[in-house]
Amino acid sequence: RLVELSKQHPKIPAIWNNLGNIYQNQNDWPNAITSYTRALALQPEHHSARFNLALCLQKLGRAQEACQYLRPIIEQGLADENAWGLWVQALRQLHQYSGAQSALDVALRRHPKSAHLWLQQGALFEQQKRWQEALSAYQRAVPLQPELHLAWSQLAYLQATNGEWTALAHTLGKLKQLVAEGSTDISPFVLLALTDDPELHYRAARQWSQRYAPYADTRPAPSRRQHLTIAYLSADFYQHPTAFLAASLFEHHDRQRFRVLAYSNSPDDKSDMRKRLENAFDAFYDIRHWSVPEIVSHIQSQQVDILIDLKGHTEDALLEVLAQRPAPLQLTYLGYPGTTGAPFIDSVIADSVVLPEQLTPHFSEHPIRLNHCYQVNDVKRPRPQTHMPRSVFGFRDEDVVLACFNNSWKISKAMLECWLRILQAAPNTRLWLMDRNPSSRFQSNVRRAVRAHGLDESRVSFAMPRPYEEYLRYYLRVDLMLDTFPYNAHTMTSDALWMACPVLTLEGRTFAA
């Protein structure tokens, strides 16, 4: 009916705006953008059409253009909480964090009861590693709008990061309930560390991936050239655990058979690893400032045969690119230990341990199982041999040092209490953890648990994050690494084994475990 009205009354902007809303609800972005553009051409001050157009552009990764359309609304003082939220989101997408924080300060003064703005504040604090403030922001968001399910996900993640285990148990119950009710806003990544339930992981991932529908359901034909083109898509092409594992893989592809490309939305940290990665590919494309359509178009222009995503449902992933089906075969590998639940990803590279036959029904992807181990490792990584005396770290020669250098969000209450019982039973043992987030309450909450178990606080020490080679030296002073559950150490296990440090782990039912 609206299409007919737009033909009968082509100069009424409200009709074009409403038609754009219908297209947007159907995720038909090109027609939505065309409709809103027509409305604005007829009435430049039509702020609803202006906001809606900016929203479409932001969802397509065209944040710069979104800001151009939003700016008049902001500068004229006409922004409601939704416009402020979109403005902040676009600035974050452009990595303009100080501008985003200034805008949020103004927006929250005007709309202090906006759950969406507090959610944005939490996300911005997270990016700045202000963990306790991020937790407080999410705690403000949830009671203001309990149906804002994404806030529940982030609340759980920050509770785990801060070691707020009692509150986390309640939040996990809420997350399970929301997934069972079909929520599409419960982060599948957050659930990996909270439960060893493969069906819950699958449902959460499948429901989360609905945000990319309708996706392109027709795939391009293979190029049929002598050299297949493989492209890797990642935000981890810098000094990152994924790079520490995979650098040699990129270098060792058979160039007689394959052309190998990188599409990187990674920060350029100017490190030796970054330079090495740039040289490891036949072409290295820095796509941080490209829009999603530009990335898709470039992949198509390169006639990529196999597109490999290294991120899954983790920070700065670009699954919206794969949703447009730019390559005939699309895989997920290494960066996400679970199913994406995405119908546009064909296969997952795994092995028979992390993805045994009984786990296959809980994956949307077809498993490609390597014969030995799916986790590639870099043979050029450093292996330091010299070490500091134990006394430097506060240990005695007779101490048995048990260590876990995993992120705090992987350390569950049950696992920590297990370790503390070991300390109670074996007087010469010491527990060595790493406090990667000194602005969080993790360390103080661990110390509280130590006291509750009747132990001297000196029995538990905290290492500080160090550059990669210095961090590896820690393992020379460790007798046994204790793994976490239900999200195991992964790269950190390979670090320990590389340094000849034994690892004690617990095998669970999910890929992450």
# chains A, B, ... in the order shown; residues from 1 in each chain; ligands from 1

$ closest_atom_pairs --of "range 123-235 of chain A" --to "range 329-352 of chain A" --cutoff "7 Å" --atoms "only C-alpha atoms" --output "JSON lines"
{"residue": "A:Tyr202", "atom": "CA", "partner": "A:Gly341", "partner_atom": "CA", "distance": 6.3}
{"residue": "A:Ala205", "atom": "CA", "partner": "A:Gly341", "partner_atom": "CA", "distance": 4.8}
{"residue": "A:Arg206", "atom": "CA", "partner": "A:Gly341", "partner_atom": "CA", "distance": 4.0}
{"residue": "A:Ser209", "atom": "CA", "partner": "A:Ala342", "partner_atom": "CA", "distance": 5.5}

$ write_last_selection --atoms "C-alpha atoms" --output "PDB file, in the first residue's frame"
ATOM      1  CA  TYR A 202      24.041 -23.586  20.342  1.00  0.00           C
ATOM      2  CA  ALA A 205      24.512 -18.549  19.087  1.00  0.00           C
ATOM      3  CA  ARG A 206      21.736 -19.422  16.657  1.00  0.00           C
ATOM      4  CA  SER A 209      22.999 -14.756  14.607  1.00  0.00           C
TER       5      SER A 209
END

$ residues_around --residues "Glu357 in chain A" --least-positions-apart "5" --cutoff "12 Å" --atoms "only C-alpha atoms" --output "list in words"
Ala350, Asp351, Ser352, His362, Phe363, His366, Pro367, Ile368, Arg369, Arg509, Thr510 and Phe511 of chain A

$ write_last_selection --atoms "N, CA, C and O atoms" --output "CSV table (one decimal), in the first residue's frame"
chain,number,residue,atom,x,y,z
A,350,ALA,N,38.3,-28.0,13.3
A,350,ALA,CA,38.4,-28.5,14.7
A,350,ALA,C,39.2,-29.8,14.7
A,350,ALA,O,39.9,-30.1,13.7
A,351,ASP,N,39.0,-30.6,15.7
A,351,ASP,CA,39.6,-31.9,15.8
A,351,ASP,C,38.7,-32.8,16.6
A,351,ASP,O,37.6,-32.3,17.1
A,352,SER,N,39.0,-34.0,16.8
A,352,SER,CA,38.1,-35.0,17.4
A,352,SER,C,38.0,-34.8,19.0
A,352,SER,O,37.1,-35.4,19.6
A,362,HIS,N,25.2,-30.0,18.0
A,362,HIS,CA,25.1,-28.7,18.6
A,362,HIS,C,25.9,-27.6,17.8
A,362,HIS,O,26.2,-26.6,18.4
A,363,PHE,N,26.2,-27.9,16.6
A,363,PHE,CA,27.0,-27.0,15.7
A,363,PHE,C,26.2,-26.8,14.4
A,363,PHE,O,25.7,-27.8,13.8
A,366,HIS,N,29.4,-27.5,9.4
A,366,HIS,CA,30.0,-28.9,9.1
A,366,HIS,C,31.4,-28.9,9.7
A,366,HIS,O,32.2,-28.1,9.3
A,367,PRO,N,31.7,-29.9,10.5
A,367,PRO,CA,33.0,-29.9,11.1
A,367,PRO,C,34.1,-30.5,10.1
A,367,PRO,O,33.8,-31.5,9.5
A,368,ILE,N,35.2,-29.8,10.0
A,368,ILE,CA,36.4,-30.3,9.3
A,368,ILE,C,37.4,-30.7,10.4
A,368,ILE,O,37.9,-29.8,11.1
A,369,ARG,N,37.6,-31.9,10.7
A,369,ARG,CA,38.4,-32.4,11.8
A,369,ARG,C,39.8,-32.7,11.3
A,369,ARG,O,40.0,-33.6,10.5
A,509,ARG,N,32.1,-30.9,28.2
A,509,ARG,CA,31.3,-31.3,27.1
A,509,ARG,C,31.2,-30.4,25.9
A,509,ARG,O,30.7,-30.7,24.9
A,510,THR,N,31.8,-29.2,26.1
A,510,THR,CA,31.7,-28.2,25.1
A,510,THR,C,33.1,-28.0,24.4
A,510,THR,O,34.1,-28.4,25.0
A,511,PHE,N,33.1,-27.3,23.3
A,511,PHE,CA,34.4,-27.0,22.6
A,511,PHE,C,35.3,-26.2,23.6
A,511,PHE,O,36.5,-26.5,23.7

$ select_by_dssp --residues "range 218-249 of chain A" --states "helix (DSSP H, G or I)" --output "ChimeraX atom specification"
/A:241-249

$ write_last_selection --atoms "all heavy atoms" --output "PDB file, in the first residue's frame"
ATOM      1  N   PRO A 241      46.949 -13.198  21.186  1.00  0.00           N
ATOM      2  CA  PRO A 241      47.106 -14.656  21.235  1.00  0.00           C
ATOM      3  C   PRO A 241      46.865 -15.361  19.907  1.00  0.00           C
ATOM      4  O   PRO A 241      47.568 -16.329  19.576  1.00  0.00           O
ATOM      5  CB  PRO A 241      46.082 -15.072  22.294  1.00  0.00           C
ATOM      6  CG  PRO A 241      46.029 -13.908  23.233  1.00  0.00           C
ATOM      7  CD  PRO A 241      46.192 -12.690  22.363  1.00  0.00           C
ATOM      8  N   THR A 242      45.886 -14.899  19.125  1.00  0.00           N
ATOM      9  CA  THR A 242      45.646 -15.541  17.821  1.00  0.00           C
ATOM     10  C   THR A 242      46.871 -15.418  16.927  1.00  0.00           C
ATOM     11  O   THR A 242      47.252 -16.374  16.237  1.00  0.00           O
ATOM     12  CB  THR A 242      44.421 -14.913  17.137  1.00  0.00           C
ATOM     13  OG1 THR A 242      43.261 -15.143  17.946  1.00  0.00           O
ATOM     14  CG2 THR A 242      44.197 -15.519  15.757  1.00  0.00           C
ATOM     15  N   ALA A 243      47.504 -14.256  16.947  1.00  0.00           N
ATOM     16  CA  ALA A 243      48.712 -14.068  16.128  1.00  0.00           C
ATOM     17  C   ALA A 243      49.851 -14.938  16.632  1.00  0.00           C
ATOM     18  O   ALA A 243      50.613 -15.508  15.829  1.00  0.00           O
ATOM     19  CB  ALA A 243      49.112 -12.596  16.142  1.00  0.00           C
ATOM     20  N   PHE A 244      49.992 -15.070  17.955  1.00  0.00           N
ATOM     21  CA  PHE A 244      51.056 -15.906  18.505  1.00  0.00           C
ATOM     22  C   PHE A 244      50.889 -17.368  18.079  1.00  0.00           C
ATOM     23  O   PHE A 244      51.866 -18.109  17.981  1.00  0.00           O
ATOM     24  CB  PHE A 244      51.067 -15.826  20.035  1.00  0.00           C
ATOM     25  CG  PHE A 244      51.390 -14.455  20.574  1.00  0.00           C
ATOM     26  CD1 PHE A 244      50.776 -13.981  21.714  1.00  0.00           C
ATOM     27  CD2 PHE A 244      52.296 -13.646  19.925  1.00  0.00           C
ATOM     28  CE1 PHE A 244      51.073 -12.717  22.212  1.00  0.00           C
ATOM     29  CE2 PHE A 244      52.605 -12.377  20.406  1.00  0.00           C
ATOM     30  CZ  PHE A 244      51.988 -11.913  21.556  1.00  0.00           C
ATOM     31  N   LEU A 245      49.658 -17.786  17.833  1.00  0.00           N
ATOM     32  CA  LEU A 245      49.418 -19.155  17.380  1.00  0.00           C
ATOM     33  C   LEU A 245      49.620 -19.306  15.877  1.00  0.00           C
ATOM     34  O   LEU A 245      50.218 -20.273  15.409  1.00  0.00           O
ATOM     35  CB  LEU A 245      47.991 -19.587  17.737  1.00  0.00           C
ATOM     36  CG  LEU A 245      47.637 -19.732  19.214  1.00  0.00           C
ATOM     37  CD1 LEU A 245      46.160 -20.097  19.354  1.00  0.00           C
ATOM     38  CD2 LEU A 245      48.504 -20.787  19.887  1.00  0.00           C
ATOM     39  N   ALA A 246      49.114 -18.353  15.104  1.00  0.00           N
ATOM     40  CA  ALA A 246      48.888 -18.598  13.678  1.00  0.00           C
ATOM     41  C   ALA A 246      49.901 -17.954  12.733  1.00  0.00           C
ATOM     42  O   ALA A 246      49.801 -18.159  11.523  1.00  0.00           O
ATOM     43  CB  ALA A 246      47.484 -18.133  13.294  1.00  0.00           C
ATOM     44  N   ALA A 247      50.854 -17.189  13.234  1.00  0.00           N
ATOM     45  CA  ALA A 247      51.770 -16.488  12.325  1.00  0.00           C
ATOM     46  C   ALA A 247      52.469 -17.441  11.358  1.00  0.00           C
ATOM     47  O   ALA A 247      52.568 -17.176  10.158  1.00  0.00           O
ATOM     48  CB  ALA A 247      52.798 -15.690  13.132  1.00  0.00           C
ATOM     49  N   SER A 248      52.935 -18.563  11.871  1.00  0.00           N
ATOM     50  CA  SER A 248      53.635 -19.520  10.996  1.00  0.00           C
ATOM     51  C   SER A 248      52.712 -20.136   9.956  1.00  0.00           C
ATOM     52  O   SER A 248      53.141 -20.463   8.842  1.00  0.00           O
ATOM     53  CB  SER A 248      54.271 -20.639  11.832  1.00  0.00           C
ATOM     54  OG  SER A 248      55.385 -20.179  12.556  1.00  0.00           O
ATOM     55  N   LEU A 249      51.447 -20.306  10.319  1.00  0.00           N
ATOM     56  CA  LEU A 249      50.487 -20.863   9.366  1.00  0.00           C
ATOM     57  C   LEU A 249      50.407 -19.990   8.118  1.00  0.00           C
ATOM     58  O   LEU A 249      50.477 -20.489   6.986  1.00  0.00           O
ATOM     59  CB  LEU A 249      49.099 -20.965  10.015  1.00  0.00           C
ATOM     60  CG  LEU A 249      47.929 -21.238   9.067  1.00  0.00           C
ATOM     61  CD1 LEU A 249      48.033 -22.631   8.467  1.00  0.00           C
ATOM     62  CD2 LEU A 249      46.601 -21.063   9.778  1.00  0.00           C
TER      63      LEU A 249
END

$ closest_residue --among "A:Phe237, A:Trp87, A:Phe462, A:Phe189" --to "Glu315 in chain A" --atoms "only C-alpha atoms"
A:Phe189

$ closest_residue --among "A:Gln89, A:Asn25, A:Thr484, A:Gln385" --to "Leu506 in chain A" --atoms "only C-alpha atoms"
A:Thr484

$ closest_residue --among "A:Gly20, A:Pro198, A:Pro389, A:Gly508" --to "Pro361 in chain A" --atoms "only C-alpha atoms"
A:Pro198

$ atom_distance --atom1 "CA of His490 in chain A" --atom2 "CA of Asp196 in chain A"
15.6 Å

$ atom_distance --atom1 "CA of His252 in chain A" --atom2 "CA of Glu320 in chain A"
28.9 Å

$ closest_residue --among "A:Tyr69, A:Phe281, A:Phe485, A:Phe405" --to "Tyr471 in chain A" --atoms "only C-alpha atoms"
A:Phe405

$ select_by_dssp --residues "range 62-271 of chain A" --states "strand (DSSP E)" --output "PyMOL selection string"
chain A and resi 228-234+258-264

$ residues_around --residues "Ala107 in chain A" --least-positions-apart "4" --cutoff "12 Å" --atoms "only C-alpha atoms" --output "VMD selection string"
chain A and resid 74 77 to 88 100 to 103 111 to 118 120 to 121

$ residues_around --residues "Glu133 in chain A" --least-positions-apart "6" --cutoff "12 Å" --atoms "only C-alpha atoms" --output "ChimeraX atom specification"
/A:118-119,121-127,139-140,155,158-159,162,439-441

$ residues_around --residues "range 452-457 of chain A" --least-positions-apart "4" --cutoff "10 Å" --atoms "only C-alpha atoms" --output "PyMOL selection string"
chain A and resi 417+420-421+423-424+427+446-448+461

$ residues_around --residues "Phe442 in chain A" --least-positions-apart "5" --cutoff "12 Å" --atoms "only C-alpha atoms" --output "JSON, numbers by chain"
{"A": [131, 132, 158, 159, 160, 161, 162, 163, 164, 165, 407, 408, 409, 410, 411, 412, 413, 416, 433, 434, 435, 436, 437, 447, 448, 449, 462]}

$ residues_around --residues "range 175-184 of chain A" --least-positions-apart "2" --cutoff "8 Å" --atoms "only C-alpha atoms" --output "number ranges by chain"
A: 149, 152-153, 171-173, 186, 200, 203-204, 207-211

$ write_last_selection --atoms "N, CA, C and O atoms" --output "mmCIF file, in the first residue's frame"
data_model
loop_
_atom_site.group_PDB
_atom_site.id
_atom_site.type_symbol
_atom_site.label_atom_id
_atom_site.label_comp_id
_atom_site.auth_asym_id
_atom_site.auth_seq_id
_atom_site.Cartn_x
_atom_site.Cartn_y
_atom_site.Cartn_z
ATOM 1 N N HIS A 149 17.953 -7.025 27.044
ATOM 2 C CA HIS A 149 18.644 -8.277 27.351
ATOM 3 C C HIS A 149 20.158 -8.186 27.186
ATOM 4 O O HIS A 149 20.905 -8.887 27.872
ATOM 5 N N TRP A 152 21.931 -7.566 30.360
ATOM 6 C CA TRP A 152 22.106 -8.738 31.223
ATOM 7 C C TRP A 152 23.377 -9.496 30.848
ATOM 8 O O TRP A 152 24.127 -9.941 31.724
ATOM 9 N N SER A 153 23.622 -9.647 29.526
ATOM 10 C CA SER A 153 24.841 -10.332 29.067
ATOM 11 C C SER A 153 26.084 -9.628 29.580
ATOM 12 O O SER A 153 26.995 -10.250 30.128
ATOM 13 N N THR A 171 22.553 -13.861 37.944
ATOM 14 C CA THR A 171 22.504 -13.370 36.564
ATOM 15 C C THR A 171 22.525 -14.524 35.573
ATOM 16 O O THR A 171 21.825 -14.489 34.551
ATOM 17 N N LEU A 172 23.318 -15.559 35.843
ATOM 18 C CA LEU A 172 23.362 -16.720 34.951
ATOM 19 C C LEU A 172 21.989 -17.370 34.854
ATOM 20 O O LEU A 172 21.563 -17.774 33.764
ATOM 21 N N GLY A 173 21.294 -17.489 35.980
ATOM 22 C CA GLY A 173 19.936 -18.037 35.936
ATOM 23 C C GLY A 173 19.041 -17.231 35.024
ATOM 24 O O GLY A 173 18.229 -17.786 34.271
ATOM 25 N N ILE A 186 21.334 -12.346 23.911
ATOM 26 C CA ILE A 186 22.190 -12.912 24.944
ATOM 27 C C ILE A 186 23.486 -13.356 24.274
ATOM 28 O O ILE A 186 23.492 -14.244 23.423
ATOM 29 N N LEU A 200 22.739 -25.128 25.235
ATOM 30 C CA LEU A 200 22.540 -23.712 25.556
ATOM 31 C C LEU A 200 23.439 -22.841 24.685
ATOM 32 O O LEU A 200 23.002 -21.806 24.158
ATOM 33 N N ARG A 203 21.887 -22.779 21.124
ATOM 34 C CA ARG A 203 20.672 -21.967 21.018
ATOM 35 C C ARG A 203 20.993 -20.482 21.093
ATOM 36 O O ARG A 203 20.460 -19.680 20.325
ATOM 37 N N ALA A 204 21.870 -20.111 22.013
ATOM 38 C CA ALA A 204 22.222 -18.697 22.150
ATOM 39 C C ALA A 204 22.894 -18.179 20.879
ATOM 40 O O ALA A 204 22.590 -17.074 20.406
ATOM 41 N N GLN A 207 20.328 -17.922 17.963
ATOM 42 C CA GLN A 207 19.411 -16.803 18.148
ATOM 43 C C GLN A 207 20.136 -15.462 17.962
ATOM 44 O O GLN A 207 19.599 -14.546 17.348
ATOM 45 N N TRP A 208 21.354 -15.367 18.455
ATOM 46 C CA TRP A 208 22.139 -14.147 18.284
ATOM 47 C C TRP A 208 22.396 -13.868 16.800
ATOM 48 O O TRP A 208 22.336 -12.714 16.354
ATOM 49 N N SER A 209 22.665 -14.919 16.026
ATOM 50 C CA SER A 209 22.999 -14.756 14.607
ATOM 51 C C SER A 209 21.808 -14.340 13.760
ATOM 52 O O SER A 209 21.977 -13.983 12.588
ATOM 53 N N GLN A 210 20.620 -14.365 14.330
ATOM 54 C CA GLN A 210 19.451 -13.891 13.582
ATOM 55 C C GLN A 210 19.558 -12.403 13.253
ATOM 56 O O GLN A 210 18.887 -11.915 12.349
ATOM 57 N N ARG A 211 20.395 -11.670 13.982
ATOM 58 C CA ARG A 211 20.554 -10.241 13.704
ATOM 59 C C ARG A 211 21.138 -10.003 12.316
ATOM 60 O O ARG A 211 21.060 -8.885 11.792
#

$ atom_distance --atom1 "CA of Gln443 in chain A" --atom2 "CA of Ala463 in chain A"
10.9 Å

$ closest_atom_pairs --of "range 235-274 of chain A" --to "range 291-304 of chain A" --cutoff "12 Å" --atoms "only C-alpha atoms" --output "tab-separated table"
residue	atom	partner	partner_atom	distance
A:Phe258	CA	A:Val304	CA	10.6
A:Arg259	CA	A:Val304	CA	9.1
A:Val260	CA	A:Val304	CA	9.2
A:Leu261	CA	A:Val304	CA	8.7
A:Ala262	CA	A:Ile299	CA	10.3
A:Tyr263	CA	A:Ile295	CA	8.4
A:Ser264	CA	A:Ile295	CA	10.3
A:Asn265	CA	A:Ile295	CA	10.4

$ decode --residues "range 340-358 of chain A" --atoms "N, CA and C atoms" --output "PDB file, in the first residue's frame"
ATOM      1  N   THR A 340      29.091 -20.758  15.689  1.00  0.00           N
ATOM      2  CA  THR A 340      28.569 -19.402  15.461  1.00  0.00           C
ATOM      3  C   THR A 340      27.045 -19.419  15.360  1.00  0.00           C
ATOM      4  N   GLY A 341      26.466 -20.605  15.059  1.00  0.00           N
ATOM      5  CA  GLY A 341      25.023 -20.673  14.853  1.00  0.00           C
ATOM      6  C   GLY A 341      24.568 -19.918  13.623  1.00  0.00           C
ATOM      7  N   ALA A 342      25.505 -19.561  12.751  1.00  0.00           N
ATOM      8  CA  ALA A 342      25.213 -18.721  11.588  1.00  0.00           C
ATOM      9  C   ALA A 342      25.061 -19.566  10.337  1.00  0.00           C
ATOM     10  N   PRO A 343      23.933 -19.465   9.638  1.00  0.00           N
ATOM     11  CA  PRO A 343      23.721 -20.301   8.443  1.00  0.00           C
ATOM     12  C   PRO A 343      24.615 -19.942   7.271  1.00  0.00           C
ATOM     13  N   PHE A 344      25.288 -18.794   7.334  1.00  0.00           N
ATOM     14  CA  PHE A 344      26.147 -18.381   6.226  1.00  0.00           C
ATOM     15  C   PHE A 344      27.596 -18.807   6.421  1.00  0.00           C
ATOM     16  N   ILE A 345      27.899 -19.510   7.515  1.00  0.00           N
ATOM     17  CA  ILE A 345      29.233 -20.076   7.708  1.00  0.00           C
ATOM     18  C   ILE A 345      29.131 -21.584   7.510  1.00  0.00           C
ATOM     19  N   ASP A 346      29.878 -22.096   6.548  1.00  0.00           N
ATOM     20  CA  ASP A 346      29.693 -23.474   6.097  1.00  0.00           C
ATOM     21  C   ASP A 346      30.338 -24.508   7.023  1.00  0.00           C
ATOM     22  N   SER A 347      31.569 -24.220   7.473  1.00  0.00           N
ATOM     23  CA  SER A 347      32.326 -25.241   8.196  1.00  0.00           C
ATOM     24  C   SER A 347      33.126 -24.623   9.328  1.00  0.00           C
ATOM     25  N   VAL A 348      33.466 -25.476  10.291  1.00  0.00           N
ATOM     26  CA  VAL A 348      34.358 -25.097  11.381  1.00  0.00           C
ATOM     27  C   VAL A 348      35.546 -26.044  11.362  1.00  0.00           C
ATOM     28  N   ILE A 349      36.747 -25.496  11.503  1.00  0.00           N
ATOM     29  CA  ILE A 349      37.954 -26.321  11.559  1.00  0.00           C
ATOM     30  C   ILE A 349      38.181 -26.708  13.016  1.00  0.00           C
ATOM     31  N   ALA A 350      38.282 -28.013  13.278  1.00  0.00           N
ATOM     32  CA  ALA A 350      38.362 -28.504  14.653  1.00  0.00           C
ATOM     33  C   ALA A 350      39.180 -29.796  14.663  1.00  0.00           C
ATOM     34  N   ASP A 351      39.048 -30.566  15.742  1.00  0.00           N
ATOM     35  CA  ASP A 351      39.635 -31.900  15.819  1.00  0.00           C
ATOM     36  C   ASP A 351      38.680 -32.781  16.617  1.00  0.00           C
ATOM     37  N   SER A 352      39.031 -34.030  16.812  1.00  0.00           N
ATOM     38  CA  SER A 352      38.097 -34.967  17.446  1.00  0.00           C
ATOM     39  C   SER A 352      38.014 -34.802  18.959  1.00  0.00           C
ATOM     40  N   VAL A 353      38.897 -33.996  19.549  1.00  0.00           N
ATOM     41  CA  VAL A 353      38.833 -33.745  20.993  1.00  0.00           C
ATOM     42  C   VAL A 353      37.922 -32.567  21.291  1.00  0.00           C
ATOM     43  N   VAL A 354      38.174 -31.436  20.640  1.00  0.00           N
ATOM     44  CA  VAL A 354      37.359 -30.253  20.923  1.00  0.00           C
ATOM     45  C   VAL A 354      35.966 -30.359  20.292  1.00  0.00           C
ATOM     46  N   LEU A 355      35.837 -31.149  19.230  1.00  0.00           N
ATOM     47  CA  LEU A 355      34.537 -31.317  18.597  1.00  0.00           C
ATOM     48  C   LEU A 355      34.328 -32.796  18.264  1.00  0.00           C
ATOM     49  N   PRO A 356      34.055 -33.627  19.263  1.00  0.00           N
ATOM     50  CA  PRO A 356      33.806 -35.050  19.008  1.00  0.00           C
ATOM     51  C   PRO A 356      32.457 -35.240  18.317  1.00  0.00           C
ATOM     52  N   GLU A 357      32.208 -36.459  17.852  1.00  0.00           N
ATOM     53  CA  GLU A 357      30.984 -36.736  17.098  1.00  0.00           C
ATOM     54  C   GLU A 357      29.721 -36.358  17.874  1.00  0.00           C
ATOM     55  N   GLN A 358      29.715 -36.598  19.196  1.00  0.00           N
ATOM     56  CA  GLN A 358      28.499 -36.333  19.962  1.00  0.00           C
ATOM     57  C   GLN A 358      28.192 -34.842  20.092  1.00  0.00           C
TER      58      GLN A 358
END
